[in-house]
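Raw start.cif, mmCIF, C-alpha atoms:
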```
data_run
#
loop_
_atom_site.group_PDB
_atom_site.id
_atom_site.type_symbol
_atom_site.label_atom_id
_atom_site.label_comp_id
_atom_site.auth_asym_id
_atom_site.auth_seq_id
_atom_site.Cartn_x
_atom_site.Cartn_y
_atom_site.Cartn_z
ATOM 1 C CA MET A 1 11.399 20.290 19.417
ATOM 2 C CA LYS A 2 14.210 18.032 20.563
ATOM 3 C CA ASN A 3 13.493 18.370 24.256
ATOM 4 C CA LYS A 4 11.086 15.910 25.796
ATOM 5 C CA VAL A 5 7.947 15.963 27.869
ATOM 6 C CA HIS A 6 7.792 13.719 30.918
ATOM 7 C CA VAL A 7 5.263 12.342 33.324
ATOM 8 C CA ILE A 8 4.832 14.942 36.028
ATOM 9 C CA PRO A 9 7.282 13.589 38.644
ATOM 10 C CA PHE A 10 5.541 11.370 41.132
ATOM 11 C CA GLN A 11 6.408 9.325 44.168
ATOM 12 C CA VAL A 12 5.480 5.686 44.701
ATOM 13 C CA ILE A 13 4.561 5.478 48.390
ATOM 14 C CA GLU A 14 3.499 1.854 48.677
ATOM 15 C CA GLN A 15 2.448 -1.126 46.566
ATOM 16 C CA ALA A 16 -0.114 -3.842 47.360
ATOM 17 C CA GLU A 17 -1.213 -7.088 45.730
ATOM 18 C CA LYS A 18 -4.830 -6.680 46.777
ATOM 19 C CA VAL A 19 -7.073 -3.907 48.057
ATOM 20 C CA ASN A 20 -10.831 -3.536 48.335
ATOM 21 C CA GLU A 21 -11.891 0.059 48.865
ATOM 22 C CA ILE A 22 -13.351 3.239 47.514
ATOM 23 C CA PRO A 23 -10.150 5.320 47.668
ATOM 24 C CA LYS A 24 -10.152 8.199 50.152
ATOM 25 C CA GLY A 25 -9.609 10.756 47.376
ATOM 26 C CA VAL A 26 -12.695 9.548 45.497
ATOM 27 C CA GLN A 27 -14.681 9.827 48.726
ATOM 28 C CA LEU A 28 -13.298 13.281 49.569
ATOM 29 C CA ILE A 29 -14.615 14.813 46.342
ATOM 30 C CA SER A 30 -18.039 13.224 47.115
ATOM 31 C CA ALA A 31 -18.127 11.126 43.924
ATOM 32 C CA PRO A 32 -20.044 8.198 45.524
ATOM 33 C CA LYS A 33 -22.901 10.584 46.394
ATOM 34 C CA ILE A 34 -23.384 11.197 42.654
ATOM 35 C CA TRP A 35 -23.413 7.544 41.577
ATOM 36 C CA ASN A 36 -27.152 7.098 42.108
ATOM 37 C CA GLU A 37 -27.589 9.763 39.372
ATOM 38 C CA THR A 38 -24.699 8.840 37.060
ATOM 39 C CA LYS A 39 -21.462 6.890 36.987
ATOM 40 C CA GLY A 40 -20.299 8.556 33.771
ATOM 41 C CA LYS A 41 -21.888 6.143 31.299
ATOM 42 C CA GLY A 42 -21.651 7.355 27.694
ATOM 43 C CA ILE A 43 -18.746 9.739 28.337
ATOM 44 C CA THR A 44 -15.337 9.054 26.795
ATOM 45 C CA VAL A 45 -12.123 10.259 28.434
ATOM 46 C CA ALA A 46 -8.874 10.152 26.468
ATOM 47 C CA ILE A 47 -5.897 9.494 28.749
ATOM 48 C CA LEU A 48 -2.621 10.735 27.246
ATOM 49 C CA ASP A 49 0.036 9.005 29.317
ATOM 50 C CA THR A 50 2.326 5.945 29.454
ATOM 51 C CA GLY A 51 -0.409 3.635 28.165
ATOM 52 C CA CYS A 52 -2.447 1.312 30.351
ATOM 53 C CA GLU A 53 -2.371 -2.261 31.598
ATOM 54 C CA THR A 54 -5.342 -3.335 29.519
ATOM 55 C CA ALA A 55 -5.791 -6.673 31.324
ATOM 56 C CA HIS A 56 -6.025 -5.161 34.815
ATOM 57 C CA PRO A 57 -9.249 -6.563 36.331
ATOM 58 C CA ASP A 58 -10.407 -3.108 37.436
ATOM 59 C CA LEU A 59 -9.876 -1.532 34.002
ATOM 60 C CA ALA A 60 -10.379 -4.136 31.266
ATOM 61 C CA GLY A 61 -14.121 -3.512 31.009
ATOM 62 C CA ARG A 62 -13.757 0.253 30.631
ATOM 63 C CA ILE A 63 -11.138 0.469 27.867
ATOM 64 C CA ILE A 64 -12.749 1.011 24.460
ATOM 65 C CA GLY A 65 -9.517 1.212 22.452
ATOM 66 C CA GLY A 66 -6.319 3.162 22.075
ATOM 67 C CA ARG A 67 -3.276 4.134 20.052
ATOM 68 C CA ASN A 68 0.469 4.140 20.602
ATOM 69 C CA PHE A 69 2.468 7.141 19.392
ATOM 70 C CA THR A 70 5.736 6.166 21.142
ATOM 71 C CA SER A 71 8.690 4.012 20.076
ATOM 72 C CA ASP A 72 7.786 1.243 22.567
ATOM 73 C CA ASP A 73 6.934 -2.127 20.994
ATOM 74 C CA GLY A 74 8.707 -1.063 17.803
ATOM 75 C CA GLY A 75 6.296 1.825 17.398
ATOM 76 C CA ASN A 76 3.346 -0.514 16.785
ATOM 77 C CA PRO A 77 0.326 1.853 16.916
ATOM 78 C CA ASP A 78 -2.000 -0.921 18.108
ATOM 79 C CA VAL A 79 -0.039 -1.826 21.270
ATOM 80 C CA TYR A 80 -0.643 0.714 24.029
ATOM 81 C CA GLU A 81 0.380 -1.328 27.063
ATOM 82 C CA ASP A 82 1.894 0.415 30.079
ATOM 83 C CA TYR A 83 5.416 -0.577 31.174
ATOM 84 C CA ASN A 84 5.768 2.333 33.597
ATOM 85 C CA GLY A 85 2.724 2.248 35.897
ATOM 86 C CA HIS A 86 1.845 5.942 35.765
ATOM 87 C CA GLY A 87 -0.836 5.703 33.073
ATOM 88 C CA THR A 88 -2.479 2.671 34.696
ATOM 89 C CA HIS A 89 -2.681 4.528 38.015
ATOM 90 C CA VAL A 90 -4.261 7.583 36.369
ATOM 91 C CA ALA A 91 -6.776 5.381 34.512
ATOM 92 C CA GLY A 92 -7.899 3.726 37.738
ATOM 93 C CA THR A 93 -8.635 7.022 39.467
ATOM 94 C CA ILE A 94 -10.758 8.124 36.518
ATOM 95 C CA GLY A 95 -12.702 4.978 35.775
ATOM 96 C CA ALA A 96 -11.879 1.776 37.687
ATOM 97 C CA VAL A 97 -14.999 -0.383 37.688
ATOM 98 C CA GLN A 98 -17.174 -1.040 40.714
ATOM 99 C CA ASN A 99 -16.751 -4.812 41.034
ATOM 100 C CA ASN A 100 -16.543 -5.391 44.812
ATOM 101 C CA ALA A 101 -12.774 -5.802 44.574
ATOM 102 C CA GLY A 102 -9.777 -3.564 44.059
ATOM 103 C CA VAL A 103 -10.522 0.145 43.753
ATOM 104 C CA VAL A 104 -13.344 2.235 42.298
ATOM 105 C CA GLY A 105 -12.738 5.262 40.076
ATOM 106 C CA VAL A 106 -14.513 8.619 40.227
ATOM 107 C CA ALA A 107 -16.650 7.673 37.185
ATOM 108 C CA PRO A 108 -16.804 3.848 37.224
ATOM 109 C CA GLU A 109 -18.863 3.516 34.018
ATOM 110 C CA VAL A 110 -16.909 5.971 31.858
ATOM 111 C CA ASN A 111 -15.242 4.902 28.592
ATOM 112 C CA LEU A 112 -11.451 5.099 28.566
ATOM 113 C CA LEU A 113 -9.518 5.744 25.354
ATOM 114 C CA ILE A 114 -5.842 4.984 25.990
ATOM 115 C CA ILE A 115 -3.482 7.200 23.994
ATOM 116 C CA LYS A 116 0.124 6.289 24.703
ATOM 117 C CA VAL A 117 2.335 9.352 24.259
ATOM 118 C CA LEU A 118 4.989 8.581 26.892
ATOM 119 C CA ASP A 119 7.313 5.585 26.767
ATOM 120 C CA LYS A 120 8.307 3.016 29.384
ATOM 121 C CA ASP A 121 10.635 5.603 30.960
ATOM 122 C CA GLY A 122 7.789 8.113 31.310
ATOM 123 C CA SER A 123 9.204 10.405 28.658
ATOM 124 C CA GLY A 124 7.927 11.480 25.257
ATOM 125 C CA GLN A 125 8.599 13.708 22.291
ATOM 126 C CA TYR A 126 6.406 16.764 21.803
ATOM 127 C CA ASP A 127 5.331 15.355 18.425
ATOM 128 C CA TRP A 128 3.948 12.233 20.140
ATOM 129 C CA ILE A 129 1.800 14.326 22.449
ATOM 130 C CA ILE A 130 0.633 16.702 19.720
ATOM 131 C CA ASN A 131 -0.313 13.752 17.497
ATOM 132 C CA GLY A 132 -2.061 12.146 20.465
ATOM 133 C CA ILE A 133 -4.190 15.244 21.032
ATOM 134 C CA HIS A 134 -5.138 15.379 17.340
ATOM 135 C CA TYR A 135 -6.082 11.680 17.494
ATOM 136 C CA ALA A 136 -8.297 12.302 20.540
ATOM 137 C CA VAL A 137 -10.044 15.130 18.672
ATOM 138 C CA GLU A 138 -10.597 12.873 15.641
ATOM 139 C CA GLN A 139 -12.133 10.237 17.924
ATOM 140 C CA LYS A 140 -14.571 12.895 19.226
ATOM 141 C CA VAL A 141 -13.797 12.244 22.895
ATOM 142 C CA ASP A 142 -15.536 14.294 25.563
ATOM 143 C CA MET A 143 -12.379 15.189 27.455
ATOM 144 C CA ILE A 144 -8.614 14.728 27.533
ATOM 145 C CA SER A 145 -6.630 14.036 30.712
ATOM 146 C CA MET A 146 -2.880 14.790 30.697
ATOM 147 C CA SER A 147 -0.721 14.196 33.760
ATOM 148 C CA LEU A 148 2.429 15.207 31.897
ATOM 149 C CA GLY A 149 4.444 18.319 31.260
ATOM 150 C CA GLY A 150 7.663 20.091 30.488
ATOM 151 C CA PRO A 151 9.219 23.536 30.953
ATOM 152 C CA GLU A 152 8.825 24.614 27.320
ATOM 153 C CA ASP A 153 5.926 26.576 25.859
ATOM 154 C CA VAL A 154 5.714 24.873 22.449
ATOM 155 C CA PRO A 155 3.389 26.719 20.017
ATOM 156 C CA GLU A 156 2.322 23.518 18.200
ATOM 157 C CA LEU A 157 1.293 21.937 21.523
ATOM 158 C CA HIS A 158 -0.704 25.038 22.430
ATOM 159 C CA GLU A 159 -2.398 25.047 19.017
ATOM 160 C CA ALA A 160 -3.378 21.376 19.358
ATOM 161 C CA ILE A 161 -4.986 22.087 22.721
ATOM 162 C CA GLN A 162 -6.812 25.129 21.340
ATOM 163 C CA LYS A 163 -8.153 22.960 18.525
ATOM 164 C CA ALA A 164 -9.473 20.446 21.071
ATOM 165 C CA VAL A 165 -11.138 23.121 23.203
ATOM 166 C CA ASN A 166 -12.685 24.696 20.092
ATOM 167 C CA GLN A 167 -14.278 21.284 19.441
ATOM 168 C CA ASN A 168 -15.870 21.482 22.929
ATOM 169 C CA ILE A 169 -13.410 18.969 24.362
ATOM 170 C CA LEU A 170 -12.355 19.655 27.955
ATOM 171 C CA VAL A 171 -8.598 19.414 28.508
ATOM 172 C CA ILE A 172 -7.543 18.669 32.089
ATOM 173 C CA CYS A 173 -3.833 18.932 32.981
ATOM 174 C CA ALA A 174 -1.575 18.586 35.997
ATOM 175 C CA ALA A 175 -0.265 21.917 37.271
ATOM 176 C CA GLY A 176 3.163 20.375 37.924
ATOM 177 C CA ASN A 177 5.327 19.306 40.858
ATOM 178 C CA GLU A 178 8.040 21.958 40.844
ATOM 179 C CA GLY A 179 6.448 23.829 43.755
ATOM 180 C CA ASP A 180 8.652 25.216 46.511
ATOM 181 C CA GLY A 181 5.962 25.670 49.164
ATOM 182 C CA ASN A 182 6.065 29.451 48.638
ATOM 183 C CA GLU A 183 2.775 30.732 47.225
ATOM 184 C CA SER A 184 4.338 34.048 46.139
ATOM 185 C CA THR A 185 6.607 32.382 43.556
ATOM 186 C CA ASN A 186 5.557 31.134 40.117
ATOM 187 C CA GLU A 187 6.359 27.688 38.732
ATOM 188 C CA PHE A 188 5.153 26.979 35.201
ATOM 189 C CA ALA A 189 4.817 23.637 33.428
ATOM 190 C CA TYR A 190 3.232 23.104 30.026
ATOM 191 C CA PRO A 191 0.589 22.238 28.964
ATOM 192 C CA GLY A 192 -0.743 22.797 32.513
ATOM 193 C CA SER A 193 -0.083 26.555 32.394
ATOM 194 C CA TYR A 194 -2.038 27.239 29.205
ATOM 195 C CA ASN A 195 -5.152 29.298 29.904
ATOM 196 C CA GLU A 196 -7.345 26.991 27.811
ATOM 197 C CA VAL A 197 -6.753 23.924 29.989
ATOM 198 C CA ILE A 198 -8.188 23.093 33.406
ATOM 199 C CA SER A 199 -5.029 23.206 35.527
ATOM 200 C CA VAL A 200 -5.132 20.983 38.620
ATOM 201 C CA GLY A 201 -3.038 21.423 41.748
ATOM 202 C CA ALA A 202 -2.739 18.948 44.604
ATOM 203 C CA VAL A 203 -3.715 18.804 48.265
ATOM 204 C CA ASP A 204 -3.278 16.004 50.789
ATOM 205 C CA LEU A 205 -6.103 13.933 52.238
ATOM 206 C CA GLU A 206 -6.640 16.608 54.904
ATOM 207 C CA ARG A 207 -7.127 19.216 52.141
ATOM 208 C CA ARG A 208 -3.808 20.912 52.919
ATOM 209 C CA SER A 209 -1.819 22.237 49.963
ATOM 210 C CA SER A 210 0.912 19.871 48.788
ATOM 211 C CA MET A 211 4.406 21.323 49.134
ATOM 212 C CA PHE A 212 5.285 20.144 45.606
ATOM 213 C CA SER A 213 2.227 21.642 43.846
ATOM 214 C CA ASN A 214 3.064 24.462 41.393
ATOM 215 C CA SER A 215 1.752 27.942 42.173
ATOM 216 C CA ASN A 216 0.770 30.367 39.415
ATOM 217 C CA ASN A 217 -2.249 32.352 38.230
ATOM 218 C CA GLU A 218 -3.371 29.575 35.852
ATOM 219 C CA VAL A 219 -4.185 27.011 38.576
ATOM 220 C CA ASP A 220 -7.958 26.439 38.393
ATOM 221 C CA LEU A 221 -8.647 24.134 41.341
ATOM 222 C CA VAL A 222 -7.149 21.423 43.524
ATOM 223 C CA ALA A 223 -7.969 17.770 44.180
ATOM 224 C CA PRO A 224 -6.469 14.957 46.277
ATOM 225 C CA GLY A 225 -2.910 14.229 45.150
ATOM 226 C CA GLU A 226 -1.085 12.564 48.040
ATOM 227 C CA LYS A 227 -1.060 8.861 48.968
ATOM 228 C CA ILE A 228 -3.641 8.104 46.284
ATOM 229 C CA VAL A 229 -4.507 4.401 45.946
ATOM 230 C CA SER A 230 -5.189 3.176 42.417
ATOM 231 C CA THR A 231 -4.503 0.462 39.860
ATOM 232 C CA TYR A 232 -0.890 -0.442 39.020
ATOM 233 C CA LEU A 233 1.121 -2.930 36.975
ATOM 234 C CA ASN A 234 0.686 -6.718 37.032
ATOM 235 C CA GLY A 235 -2.853 -6.488 38.369
ATOM 236 C CA THR A 236 -1.649 -4.803 41.555
ATOM 237 C CA TYR A 237 -2.322 -1.481 43.297
ATOM 238 C CA ALA A 238 -0.143 1.367 44.509
ATOM 239 C CA LYS A 239 -0.221 4.595 46.505
ATOM 240 C CA LEU A 240 1.253 7.468 44.520
ATOM 241 C CA SER A 241 1.641 11.195 45.170
ATOM 242 C CA GLY A 242 1.787 14.120 42.728
ATOM 243 C CA THR A 243 -0.373 16.587 40.802
ATOM 244 C CA SER A 244 -0.526 13.671 38.320
ATOM 245 C CA MET A 245 -2.778 11.948 40.856
ATOM 246 C CA ALA A 246 -4.969 15.037 41.439
ATOM 247 C CA THR A 247 -5.689 15.498 37.720
ATOM 248 C CA PRO A 248 -7.653 12.263 37.113
ATOM 249 C CA HIS A 249 -9.955 13.090 40.047
ATOM 250 C CA VAL A 250 -11.018 16.177 38.085
ATOM 251 C CA ALA A 251 -11.221 14.291 34.763
ATOM 252 C CA GLY A 252 -13.536 11.706 36.326
ATOM 253 C CA ALA A 253 -15.563 14.426 38.016
ATOM 254 C CA MET A 254 -16.017 16.242 34.698
ATOM 255 C CA ALA A 255 -17.473 13.039 33.211
ATOM 256 C CA LEU A 256 -20.081 13.001 35.995
ATOM 257 C CA ILE A 257 -20.715 16.750 35.688
ATOM 258 C CA LYS A 258 -21.226 16.493 31.921
ATOM 259 C CA VAL A 259 -23.991 13.891 32.367
ATOM 260 C CA LEU A 260 -25.595 15.813 35.250
ATOM 261 C CA SER A 261 -25.533 19.071 33.285
ATOM 262 C CA THR A 262 -26.927 17.528 30.088
ATOM 263 C CA ASN A 263 -29.805 16.070 32.109
ATOM 264 C CA GLN A 264 -30.412 19.338 33.967
ATOM 265 C CA PHE A 265 -30.300 21.697 30.975
ATOM 266 C CA GLU A 266 -31.637 19.189 28.440
ATOM 267 C CA ARG A 267 -28.870 20.052 25.979
ATOM 268 C CA GLU A 268 -25.132 19.603 25.521
ATOM 269 C CA LEU A 269 -23.236 22.346 27.332
ATOM 270 C CA THR A 270 -20.312 24.160 25.718
ATOM 271 C CA GLU A 271 -16.787 23.818 27.080
ATOM 272 C CA PRO A 272 -16.946 27.201 28.923
ATOM 273 C CA GLU A 273 -20.340 26.258 30.390
ATOM 274 C CA LEU A 274 -18.994 22.920 31.618
ATOM 275 C CA TYR A 275 -15.995 24.705 33.140
ATOM 276 C CA ALA A 276 -18.418 26.981 34.993
ATOM 277 C CA GLN A 277 -20.295 23.921 36.289
ATOM 278 C CA LEU A 278 -16.991 22.544 37.594
ATOM 279 C CA ILE A 279 -16.026 25.767 39.361
ATOM 280 C CA LYS A 280 -19.458 25.896 41.016
ATOM 281 C CA ARG A 281 -18.444 22.620 42.617
ATOM 282 C CA THR A 282 -15.376 23.931 44.417
ATOM 283 C CA MET A 283 -15.081 24.941 48.054
ATOM 284 C CA PRO A 284 -12.726 27.771 49.061
ATOM 285 C CA LEU A 285 -9.540 27.012 50.949
ATOM 286 C CA GLU A 286 -7.416 29.389 52.996
ATOM 287 C CA ASP A 287 -4.373 29.197 50.727
ATOM 288 C CA SER A 288 -3.556 31.704 47.977
ATOM 289 C CA PRO A 289 -5.474 31.309 44.685
ATOM 290 C CA LYS A 290 -2.068 30.881 43.028
ATOM 291 C CA LEU A 291 -1.815 27.552 44.881
ATOM 292 C CA VAL A 292 -5.433 26.379 44.983
ATOM 293 C CA GLY A 293 -7.232 28.354 42.263
ATOM 294 C CA ASN A 294 -10.952 28.406 42.973
ATOM 295 C CA GLY A 295 -10.587 25.808 45.722
ATOM 296 C CA PHE A 296 -11.143 22.116 46.420
ATOM 297 C CA LEU A 297 -13.302 19.928 44.178
ATOM 298 C CA ASN A 298 -16.504 18.806 45.920
ATOM 299 C CA LEU A 299 -19.186 17.391 43.634
ATOM 300 C CA THR A 300 -22.024 17.954 46.129
ATOM 301 C CA ILE A 301 -21.093 21.418 47.429
ATOM 302 C CA MET A 302 -24.042 23.065 45.602
ATOM 303 C CA ASP A 303 -26.486 20.659 47.254
ATOM 304 C CA GLU A 304 -24.927 21.310 50.653
ATOM 305 C CA LEU A 305 -25.080 25.085 50.144
ATOM 306 C CA SER A 306 -28.722 24.930 49.060
ATOM 307 C CA LYS A 307 -29.583 22.976 52.209
ATOM 308 C CA VAL A 308 -27.833 25.596 54.327
ATOM 309 C CA SER A 309 -29.635 28.459 52.566
ATOM 310 C CA THR A 310 -32.990 26.676 52.942
ATOM 311 C CA LYS A 311 -32.359 26.200 56.673
ATOM 312 C CA GLN A 312 -31.400 29.861 56.944
ATOM 313 C CA PHE A 313 -34.565 30.879 55.057
ATOM 314 C CA VAL A 314 -36.712 28.793 57.419
ATOM 315 C CA HIS A 315 -34.890 30.245 60.414
ATOM 316 C CA ASN A 316 -35.464 33.790 59.150
ATOM 317 C CA ILE A 317 -39.198 33.145 58.700
ATOM 318 C CA THR A 318 -39.616 31.600 62.153
ATOM 319 C CA SER A 319 -37.611 34.325 63.871
ATOM 320 C CA SER A 320 -39.355 37.259 62.176
#
```

Please express what this file holds, its structure, as structure tokens.
Amino acid sequence: MKNKVHVIPFQVIEQAEKVNEIPKGVQLISAPKIWNETKGKGITVAILDTGCETAHPDLAGRIIGGRNFTSDDGGNPDVYEDYNGHGTHVAGTIGAVQNNAGVVGVAPEVNLLIIKVLDKDGSGQYDWIINGIHYAVEQKVDMISMSLGGPEDVPELHEAIQKAVNQNILVICAAGNEGDGNESTNEFAYPGSYNEVISVGAVDLERRSSMFSNSNNEVDLVAPGEKIVSTYLNGTYAKLSGTSMATPHVAGAMALIKVLSTNQFERELTEPELYAQLIKRTMPLEDSPKLVGNGFLNLTIMDELSKVSTKQFVHNITSS
């Protein structure tokens, strides 16, 4: 396993010292409409990435711990700082706090466990990632978010993911950015192409498929992945694009869905049941399922559909 895994390639569009907004992507998936019911409190998301800027004002209160599996900082397992920016950006989309400054994540009260498996260059050995997954399982996290990938199908990586899923841990992965804009071709990146993971493709802020987003039969759904504003290095903010940016929208959404579902069913749902609850919250798009899977993530789509059906029912009664 000499080859390496990398952050899913991403593009830095713009950086800013200060912002004060609920990012457009967070709004598009209707997360703020759920916050009166839950903001993800009690749910722990493991982020396997380049680490995280633990002192960032939008993130410091959400980080419950972490572990470094890379060679950065002399391989010190207790230092999981981010020297790349990618992991900090992902963390902000999942769980940046609501503090009337900066940005707000999809699940602003979620717990973040930072597992550093990619170094300052955004690259990592397969062993680092496999060990990171095993660590997340040991810590009994609720879900794992991985905006990373490589071209190789490594059996040990697949087995680690299967172990996590068998422990009822949701594994959410970026589909990859090797797309050619042609929905009839297949582009595979791993772990995003494993059937057991929730594979996330990207659309822009107008819900149009991103040219770079991989197409294959394992894509489960899409989320905003272009010009996404989130936390960045040195207490700043940045706009980034990539399926890496779409993935944390789904990870944050799953934290909200898990709380909603536990409250609704009065029990802990299994991983397949939680996946079904996610897919119920997608809206169809016109593109091929190989590009967009089941469609675009919208946390309130079931409520909107029930309102439509109720109106239709009333209309049918009054017109009969």

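Ranking A:Ile129, A:Leu118, A:Cys52, A:Ala255 by their shortest atom-to-atom distance to His89 (chain A), with all atoms listed in the file included, puts A:Cys52 first.
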
Can you give me, as a list of chain:residue names, the residues this file yields under the PyMOL selection byres ((chain A and resi 270) around 12)? A:Asp142, A:Val165, A:Asn166, A:Gln167, A:Asn168, A:Ile169, A:Leu170, A:Lys258, A:Ser261, A:Thr262, A:Phe265, A:Arg267, A:Glu268, A:Leu269, A:Glu271, A:Pro272, A:Glu273, A:Leu274, A:Tyr275, A:Ala276, A:Gln277

Might you spell out which residues the PyMOL selection byres ((chain A and resi 283-295) around 12) would select in the displayed file, as a PyMOL selection string? chain A and resi 28-29+175-177+179-188+193+198-203+206-224+243+246+275-276+278-282+296-302+304-305

Let me know the centre plus edge lengths, in Å and rounded to one decimal, of a box with edges along x, y and z that contains all listed atoms of region 132-144 of chain A and is padded by 5 Å on every side, as lines of an AutoDock Vina configuration file.
```
center_x = -8.8
center_y = 12.8
center_z = 21.6
size_x = 23.5
size_y = 15.1
size_z = 21.9
```

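One distance worth recording is that between CA of Tyr135 (chain A) and CA of Tyr232 (chain A), which is 25.2 Å.
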